[in-house]
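**Student:** One file is attached below, query.cif, containing mmCIF, C-alpha atoms.
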data_coords
loop_
_atom_site.label_atom_id
_atom_site.label_comp_id
_atom_site.auth_asym_id
_atom_site.auth_seq_id
_atom_site.Cartn_x
_atom_site.Cartn_y
_atom_site.Cartn_z
CA MET A 1 -15.68 -6.08 -22.31
CA ALA A 2 -16.17 -4.00 -19.15
CA GLU A 3 -16.50 -0.30 -19.77
CA ARG A 4 -13.41 1.68 -18.87
CA LYS A 5 -13.49 4.55 -16.42
CA PRO A 6 -13.02 8.06 -17.84
CA VAL A 7 -9.40 9.02 -18.48
CA ALA A 8 -8.16 11.21 -15.63
CA SER A 9 -4.44 11.26 -16.57
CA TRP A 10 -2.49 10.94 -19.79
CA LEU A 11 0.89 9.52 -20.75
CA THR A 12 2.15 10.10 -24.28
CA ASP A 13 5.22 9.09 -26.22
CA MET A 14 7.16 11.95 -27.80
CA ASP A 15 8.75 10.89 -31.13
CA GLY A 16 6.13 9.89 -33.67
CA VAL A 17 3.28 11.26 -31.54
CA LEU A 18 4.14 14.89 -30.71
CA ILE A 19 7.13 15.45 -33.00
CA HIS A 20 8.65 13.88 -36.11
CA GLU A 21 12.26 14.56 -37.12
CA GLY A 22 12.36 17.75 -35.07
CA VAL A 23 9.04 19.14 -36.32
CA PRO A 24 5.79 19.24 -34.28
CA ILE A 25 3.04 16.97 -35.56
CA PRO A 26 -0.15 18.96 -36.33
CA GLY A 27 -2.38 18.97 -33.27
CA ALA A 28 0.42 18.42 -30.75
CA ASP A 29 0.39 22.01 -29.51
CA ALA A 30 -3.41 22.00 -29.14
CA PHE A 31 -3.30 18.66 -27.28
CA LEU A 32 -0.67 19.86 -24.81
CA LYS A 33 -2.45 23.19 -24.30
CA LYS A 34 -5.72 21.39 -23.54
CA LEU A 35 -3.92 19.10 -21.10
CA ARG A 36 -2.35 22.00 -19.22
CA GLU A 37 -5.67 23.86 -19.08
CA SER A 38 -7.53 20.77 -17.86
CA GLY A 39 -5.30 20.37 -14.81
CA LYS A 40 -5.15 16.62 -15.41
CA PRO A 41 -1.84 14.93 -14.57
CA PHE A 42 0.22 14.05 -17.65
CA LEU A 43 3.66 12.90 -18.73
CA VAL A 44 5.56 13.01 -22.00
CA LEU A 45 7.68 9.86 -22.21
CA THR A 46 10.70 8.89 -24.24
CA ASN A 47 12.92 5.81 -24.35
CA ASN A 48 15.78 8.09 -25.38
CA SER A 49 18.21 8.43 -22.46
CA ILE A 50 20.57 10.97 -24.05
CA TYR A 51 18.88 14.12 -22.78
CA THR A 52 17.84 15.37 -19.36
CA PRO A 53 14.26 16.57 -18.87
CA ARG A 54 15.64 20.13 -18.83
CA ASP A 55 17.31 19.53 -22.23
CA LEU A 56 14.10 18.08 -23.67
CA HIS A 57 12.02 20.93 -22.27
CA ALA A 58 14.30 23.41 -24.07
CA ARG A 59 14.20 21.45 -27.34
CA LEU A 60 10.40 21.18 -27.28
CA THR A 61 10.08 24.87 -26.42
CA ARG A 62 12.13 25.75 -29.51
CA MET A 63 9.61 23.75 -31.54
CA GLY A 64 6.73 25.69 -30.00
CA LEU A 65 5.61 22.94 -27.61
CA ASP A 66 5.26 23.83 -23.94
CA VAL A 67 5.99 20.82 -21.71
CA PRO A 68 7.07 21.58 -18.13
CA ILE A 69 10.24 19.83 -16.96
CA ASP A 70 8.32 17.90 -14.29
CA ASN A 71 6.05 16.45 -16.99
CA ILE A 72 8.88 14.71 -18.87
CA TRP A 73 9.76 11.10 -18.04
CA THR A 74 12.70 9.35 -19.71
CA SER A 75 14.09 5.82 -19.67
CA ALA A 76 17.12 7.27 -17.85
CA LEU A 77 14.87 8.45 -15.00
CA ALA A 78 13.08 5.08 -14.93
CA THR A 79 16.46 3.31 -14.81
CA ALA A 80 17.67 5.53 -11.97
CA LYS A 81 14.44 4.95 -10.03
CA PHE A 82 14.81 1.19 -10.48
CA LEU A 83 18.44 1.21 -9.29
CA ASP A 84 17.61 3.45 -6.33
CA ASP A 85 14.91 0.98 -5.26
CA GLN A 86 17.12 -2.06 -5.80
CA ARG A 87 20.45 -0.90 -4.40
CA PRO A 88 20.39 2.62 -2.89
CA GLY A 89 23.70 4.45 -2.93
CA GLY A 90 25.28 1.95 -5.30
CA SER A 91 27.85 2.34 -8.05
CA ALA A 92 27.77 1.96 -11.82
CA TYR A 93 29.94 1.99 -14.90
CA VAL A 94 27.91 3.98 -17.43
CA ILE A 95 27.95 4.06 -21.21
CA GLY A 96 25.70 6.97 -22.09
CA GLU A 97 25.15 10.70 -22.19
CA ALA A 98 24.18 13.45 -19.73
CA GLY A 99 20.57 12.32 -19.46
CA LEU A 100 21.69 9.04 -17.90
CA THR A 101 24.70 10.20 -15.90
CA THR A 102 22.72 13.11 -14.41
CA ALA A 103 19.84 10.82 -13.40
CA LEU A 104 22.27 8.48 -11.62
CA HIS A 105 24.14 11.32 -9.94
CA ASP A 106 20.81 12.69 -8.69
CA ILE A 107 20.04 9.44 -6.82
CA GLY A 108 23.47 9.47 -5.21
CA TYR A 109 25.15 6.85 -7.37
CA ILE A 110 28.93 6.74 -7.76
CA LEU A 111 30.05 6.41 -11.38
CA THR A 112 33.15 4.25 -11.53
CA ASP A 113 34.91 1.51 -13.47
CA HIS A 114 36.29 -0.04 -10.27
CA GLU A 115 34.18 -3.02 -9.19
CA PRO A 116 30.82 -1.32 -9.91
CA ASP A 117 27.54 -2.87 -8.78
CA TYR A 118 26.11 -2.34 -12.27
CA VAL A 119 27.06 -1.75 -15.86
CA VAL A 120 24.41 0.64 -17.20
CA LEU A 121 24.05 1.01 -20.96
CA GLY A 122 22.16 3.86 -22.60
CA GLU A 123 22.20 5.80 -25.87
CA THR A 124 25.21 7.70 -27.04
CA ARG A 125 26.28 8.98 -30.44
CA THR A 126 29.84 7.85 -29.68
CA TYR A 127 29.75 4.16 -28.74
CA SER A 128 33.39 3.15 -28.41
CA PHE A 129 35.01 -0.27 -28.70
CA GLU A 130 37.05 0.57 -25.60
CA ALA A 131 33.94 1.29 -23.50
CA MET A 132 32.17 -1.86 -24.72
CA THR A 133 35.26 -3.95 -23.96
CA LYS A 134 35.38 -2.52 -20.43
CA ALA A 135 31.66 -3.26 -19.98
CA VAL A 136 32.19 -6.88 -21.06
CA ARG A 137 35.05 -7.35 -18.60
CA LEU A 138 33.15 -5.75 -15.72
CA ILE A 139 30.07 -7.90 -16.36
CA ASN A 140 32.24 -11.01 -16.55
CA GLY A 141 33.73 -9.83 -13.24
CA GLY A 142 30.33 -9.77 -11.53
CA ALA A 143 28.68 -6.44 -12.35
CA ARG A 144 24.95 -6.67 -13.08
CA PHE A 145 23.88 -5.61 -16.58
CA ILE A 146 21.19 -2.92 -16.95
CA CYS A 147 19.98 -1.16 -20.12
CA THR A 148 17.80 1.91 -20.38
CA ASN A 149 15.77 0.49 -23.27
CA PRO A 150 15.75 -2.28 -25.89
CA ASP A 151 15.42 -0.07 -29.00
CA GLU A 152 17.76 -1.54 -31.62
CA THR A 153 17.84 1.52 -33.86
CA GLY A 154 17.29 5.23 -33.43
CA PRO A 155 16.25 7.90 -35.95
CA SER A 156 18.51 10.44 -37.61
CA THR A 157 18.22 12.69 -40.65
CA GLU A 158 20.60 10.33 -42.50
CA GLY A 159 18.66 7.19 -41.56
CA PRO A 160 18.57 4.64 -38.71
CA LEU A 161 21.44 4.50 -36.21
CA PRO A 162 22.45 1.55 -33.99
CA ALA A 163 20.92 2.12 -30.56
CA THR A 164 21.00 0.63 -27.09
CA GLY A 165 19.37 -2.69 -27.93
CA ALA A 166 21.88 -3.41 -30.71
CA VAL A 167 24.88 -2.65 -28.50
CA ALA A 168 23.30 -4.66 -25.67
CA ALA A 169 23.09 -7.65 -28.02
CA LEU A 170 26.81 -7.36 -28.73
CA ILE A 171 27.64 -7.29 -25.01
CA THR A 172 25.28 -10.21 -24.34
CA ARG A 173 26.99 -12.32 -27.00
CA ALA A 174 30.37 -11.52 -25.45
CA THR A 175 29.31 -12.23 -21.84
CA GLY A 176 26.37 -14.64 -22.03
CA LYS A 177 24.49 -12.24 -19.70
CA GLN A 178 21.12 -10.78 -20.62
CA PRO A 179 20.45 -7.21 -19.46
CA TYR A 180 17.44 -5.95 -17.57
CA PHE A 181 15.70 -3.27 -19.67
CA ALA A 182 14.09 -0.52 -17.59
CA GLY A 183 12.39 1.40 -20.44
CA LYS A 184 9.43 0.57 -22.67
CA PRO A 185 7.98 -1.98 -23.21
CA ASN A 186 8.73 -2.75 -19.56
CA PRO A 187 5.54 -1.68 -17.73
CA LEU A 188 7.82 -0.61 -14.88
CA MET A 189 8.47 2.63 -16.80
CA MET A 190 4.72 3.25 -16.96
CA ARG A 191 4.14 2.45 -13.29
CA THR A 192 6.99 4.60 -12.01
CA GLY A 193 5.79 7.41 -14.26
CA LEU A 194 2.23 7.09 -12.93
CA ASN A 195 3.55 7.13 -9.37
CA ALA A 196 5.53 10.27 -10.14
CA ILE A 197 2.32 12.17 -11.01
CA GLY A 198 0.09 10.44 -8.46
CA ALA A 199 -2.02 8.72 -11.10
CA HIS A 200 -3.63 5.28 -11.27
CA SER A 201 -3.50 2.93 -14.25
CA GLU A 202 -7.25 2.27 -14.09
CA THR A 203 -7.99 5.86 -15.05
CA SER A 204 -4.95 6.55 -17.25
CA ALA A 205 -4.23 6.32 -20.96
CA MET A 206 -1.04 5.76 -22.95
CA ILE A 207 -0.63 7.28 -26.42
CA GLY A 208 2.05 5.90 -28.72
CA ASP A 209 3.07 5.22 -32.30
CA ARG A 210 4.59 1.77 -31.73
CA MET A 211 2.69 -1.43 -31.04
CA ASP A 212 5.78 -3.24 -29.71
CA THR A 213 6.74 -0.65 -27.08
CA ASP A 214 4.09 2.00 -26.36
CA VAL A 215 0.93 -0.08 -26.72
CA LEU A 216 2.48 -3.17 -25.14
CA ALA A 217 3.79 -1.23 -22.13
CA GLY A 218 0.51 0.62 -21.63
CA MET A 219 -1.54 -2.55 -21.90
CA GLU A 220 0.67 -4.49 -19.47
CA ALA A 221 0.46 -1.60 -17.01
CA GLY A 222 -3.34 -1.82 -17.14
CA MET A 223 -3.96 1.42 -19.02
CA GLN A 224 -6.13 2.37 -21.97
CA THR A 225 -3.99 2.55 -25.10
CA PHE A 226 -4.25 4.83 -28.12
CA LEU A 227 -2.21 4.11 -31.24
CA VAL A 228 -1.53 7.06 -33.55
CA LEU A 229 -0.55 6.42 -37.17
CA THR A 230 1.96 9.28 -37.47
CA GLY A 231 4.98 7.20 -36.44
CA LEU A 232 6.41 3.75 -36.86
CA THR A 233 3.45 1.34 -36.87
CA ARG A 234 1.41 1.34 -40.07
CA PRO A 235 -2.34 0.51 -40.14
CA GLU A 236 -1.82 -2.84 -41.88
CA GLN A 237 0.68 -3.92 -39.22
CA VAL A 238 -1.74 -3.68 -36.29
CA GLU A 239 -3.25 -7.10 -37.05
CA ASP A 240 0.21 -8.69 -37.00
CA PHE A 241 0.33 -8.42 -33.21
CA PRO A 242 -1.41 -10.79 -30.75
CA TYR A 243 -2.75 -7.79 -28.79
CA ARG A 244 -4.61 -4.66 -29.83
CA PRO A 245 -4.70 -1.03 -28.74
CA SER A 246 -7.90 0.18 -27.14
CA THR A 247 -8.31 2.72 -29.96
CA VAL A 248 -6.52 3.56 -33.23
CA VAL A 249 -6.58 7.19 -34.44
CA GLU A 250 -4.90 9.02 -37.30
CA SER A 251 -2.98 11.47 -35.13
CA ILE A 252 -2.76 13.29 -31.81
CA ALA A 253 -5.13 15.90 -33.24
CA ASP A 254 -7.94 13.33 -32.97
CA LEU A 255 -7.48 13.10 -29.19
CA VAL A 256 -7.74 16.79 -28.28
CA ASP A 257 -11.51 16.57 -27.71
CA ARG A 258 -11.12 13.49 -25.49
CA ILE A 259 -9.31 15.40 -22.74
#
Show the structure stored in the file as C-alpha cells.
**Tutor:**
Amino acid sequence: MAERKPVASWLTDMDGVLIHEGVPIPGADAFLKKLRESGKPFLVLTNNSIYTPRDLHARLTRMGLDVPIDNIWTSALATAKFLDDQRPGGSAYVIGEAGLTTALHDIGYILTDHEPDYVVLGETRTYSFEAMTKAVRLINGGARFICTNPDETGPSTEGPLPATGAVAALITRATGKQPYFAGKPNPLMMRTGLNAIGAHSETSAMIGDRMDTDVLAGMEAGMQTFLVLTGLTRPEQVEDFPYRPSTVVESIADLVDRI
C-alpha cells in the first residue's frame, strides 16, 4: 500500500469521539487544544441536524470544549449546501428543528407547504403524524425527497429514539420514493466540509466511532480514517465490515500526539 501523506487537516465526529451522553471523553479537550495551537484546518462533524453551529458551540463550551462556530459542520449545513448547488433560491417543506430551518433560510430558501421543490426531513423530538402525512402528499404531488441523514435511531438518556432514517422509511413506504441522504455516510458531507476549510482529502483524516457512517464516508472521500472505540462500534465488529479503517485506536486521547 502506498504511503499516505502527512495529515494536514482533521475532521472528527462529535458524539462517541469527543463527547458521550453530554460528558467530554478523556483526551477530547487536549486534542482540540492541540488542533487550535497547530493552526491546522479542522472540523467537528455531526449528523444531528437539530442544532445550529452556534447552539453546538455553546453546548460544547458548557462541557469545557472550545470549538469555534466556523469549525462545526452539520448534516443540516451539508443539506443546505447541496440544495443551494442543485436549485438556488428554491423552496422546501421542512420537518425539523432550528438547525435545519436556519441553514435553509441562510441560503435564501423559502419554507412553504405550497408546491415546494423539496420535502426536507431532519431530526426533531416532535415528529407529528400530521407533518408526515403532509410530506407524503407533497412528495406524491411531485416534491423531491431529501433527508439530512440516514441514522435510524438517536441517543437519549432513556435509550434509543426513532431518528430521521426511521421516519424516512415510513415516508418511503407510503410514497414509493427513496430520499437522497446528504449526511454521512454520503462522502458529499466530507467533501463539502473539506471545501469549507480549504482542505484536500489526500492530506486529511476522518476520526469516528462508527464503521458504517464515519469510516465509510471518510474512506469514500479518499481520506485517512481513524476508528475510536469509545462509541458505537466495538472491536470485535470491525472484521464484520468489507472495508477497514486506516487505524484503530482506543480513544481520541491516542491521537493527540499525531497532530
**Student:** Which residue, A:Leu138, A:Ala58, A:Ile50, A:Val7, has the smallest gap to Thr225 in chain A when you use all atoms listed in the file?
**Tutor:** A:Val7
**Student:** Within 7 Å of Leu227 in chain A, counting only C-alpha atoms, which residues show up once you throw out same-chain ones fewer than 5 positions away? Write them as a count of residues only, please.
**Tutor:** 8
**Student:** Report the residues retrieved by the PyMOL selection byres ((chain A and resi 64) around 12) from the displayed file, expressed as an NGL selection string.
**Tutor:** :A and (18-19 or 22-30 or 32-33 or 57-63 or 65-67)
**Student:** Taking the file as shown, find all residues satisfying the PyMOL selection byres ((chain A and resi 255) around 10) and write them as a PyMOL selection string.
**Tutor:** chain A and resi 27-28+30-31+207+226+228+249-254+256-259
**Student:** Out of A:Thr164, A:Asn140, A:Thr153, A:Ser204, which residue has the shortest atom-to-atom distance to Tyr127 in chain A when counting only C-alpha atoms?
**Tutor:** A:Thr164
**Student:** For Ala217 in chain A, list every protein, DNA or RNA residue within 6 Å, evaluated using all atoms listed in the file, and leave out those in the same chain fewer than 5 positions away; present the list as a ChimeraX atom specification.
**Tutor:** /A:184-187
**Student:** If you count only C-alpha atoms, which residues fall within 6 Å of range 41-44 of chain A, apart from same-chain ones fewer than 4 positions away, as a PyMOL selection string?
**Tutor:** chain A and resi 9-13+71-72
**Student:** Write the residues of the selection above to a file with C-alpha atoms, as a PDB file, in the coordinates of the input.
**Tutor:**
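What ended up in result_27.pdb:
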ATOM      1  CA  SER A   9      -4.440  11.260 -16.570  1.00  0.00           C
ATOM      2  CA  TRP A  10      -2.490  10.940 -19.790  1.00  0.00           C
ATOM      3  CA  LEU A  11       0.890   9.520 -20.750  1.00  0.00           C
ATOM      4  CA  THR A  12       2.150  10.100 -24.280  1.00  0.00           C
ATOM      5  CA  ASP A  13       5.220   9.090 -26.220  1.00  0.00           C
ATOM      6  CA  ASN A  71       6.050  16.450 -16.990  1.00  0.00           C
ATOM      7  CA  ILE A  72       8.880  14.710 -18.870  1.00  0.00           C
TER       8      ILE A  72
END
**Student:** Which of these, A:Arg191, A:Leu77, A:Gly198, A:Thr213, has the shortest distance to Glu152 in chain A once you count all atoms listed in the file?
**Tutor:**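 Closest to Glu152 in chain A, using all atoms listed in the file: A:Thr213.
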**Student:** Hey, what comes out of the PyMOL selection byres ((chain A and resi 79) around 9) on this file? Could you write it as a ChimeraX atom specification?
**Tutor:** /A:74-78,80-84,100,103-104,120,146-149,181-183,189
**Student:** Can you sort out the box for range 166-176 of chain A, edges along x, y and z, all listed atoms in, 5 Å on every side, with centre and edge lengths in Å to one decimal, as JSON?
**Tutor:**
{"center_x": 26.1, "center_y": -8.6, "center_z": -26.3, "size_x": 18.5, "size_y": 22.0, "size_z": 18.9}
**Student:** What's the separation between CA of Pro68 in chain A and CA of Leu194 in chain A, in Å to one decimal place?
**Tutor:**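 Going from CA of Pro68 in chain A over to CA of Leu194 in chain A, I get 16.1 Å.
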**Student:** Between CA of Pro53 in chain A and CA of Trp73 in chain A, measure the distance and give it in Å to one decimal.
**Tutor:**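 Value for the CA of Pro53 in chain A-CA of Trp73 in chain A distance: 7.1 Å.
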**Student:** Write out as an NGL selection string each polymer residue whose atoms come within 7 Å of range 106-117 of chain A, counting only C-alpha atoms; drop sequence neighbours fewer than 5 positions from it.
**Tutor:** :A and (80 or 84 or 89-94 or 143-144)
**Student:** Include C-alpha atoms and write out the residues we just selected as a compact mmCIF listing (two decimals), in the coordinates of the input.
**Tutor:**
# COMPACT_ATOMS: atom_id res chain seq x y z
CA ALA A 80 17.67 5.53 -11.97
CA ASP A 84 17.61 3.45 -6.33
CA GLY A 89 23.70 4.45 -2.93
CA GLY A 90 25.28 1.95 -5.30
CA SER A 91 27.85 2.34 -8.05
CA ALA A 92 27.77 1.96 -11.82
CA TYR A 93 29.94 1.99 -14.90
CA VAL A 94 27.91 3.98 -17.43
CA ALA A 143 28.68 -6.44 -12.35
CA ARG A 144 24.95 -6.67 -13.08
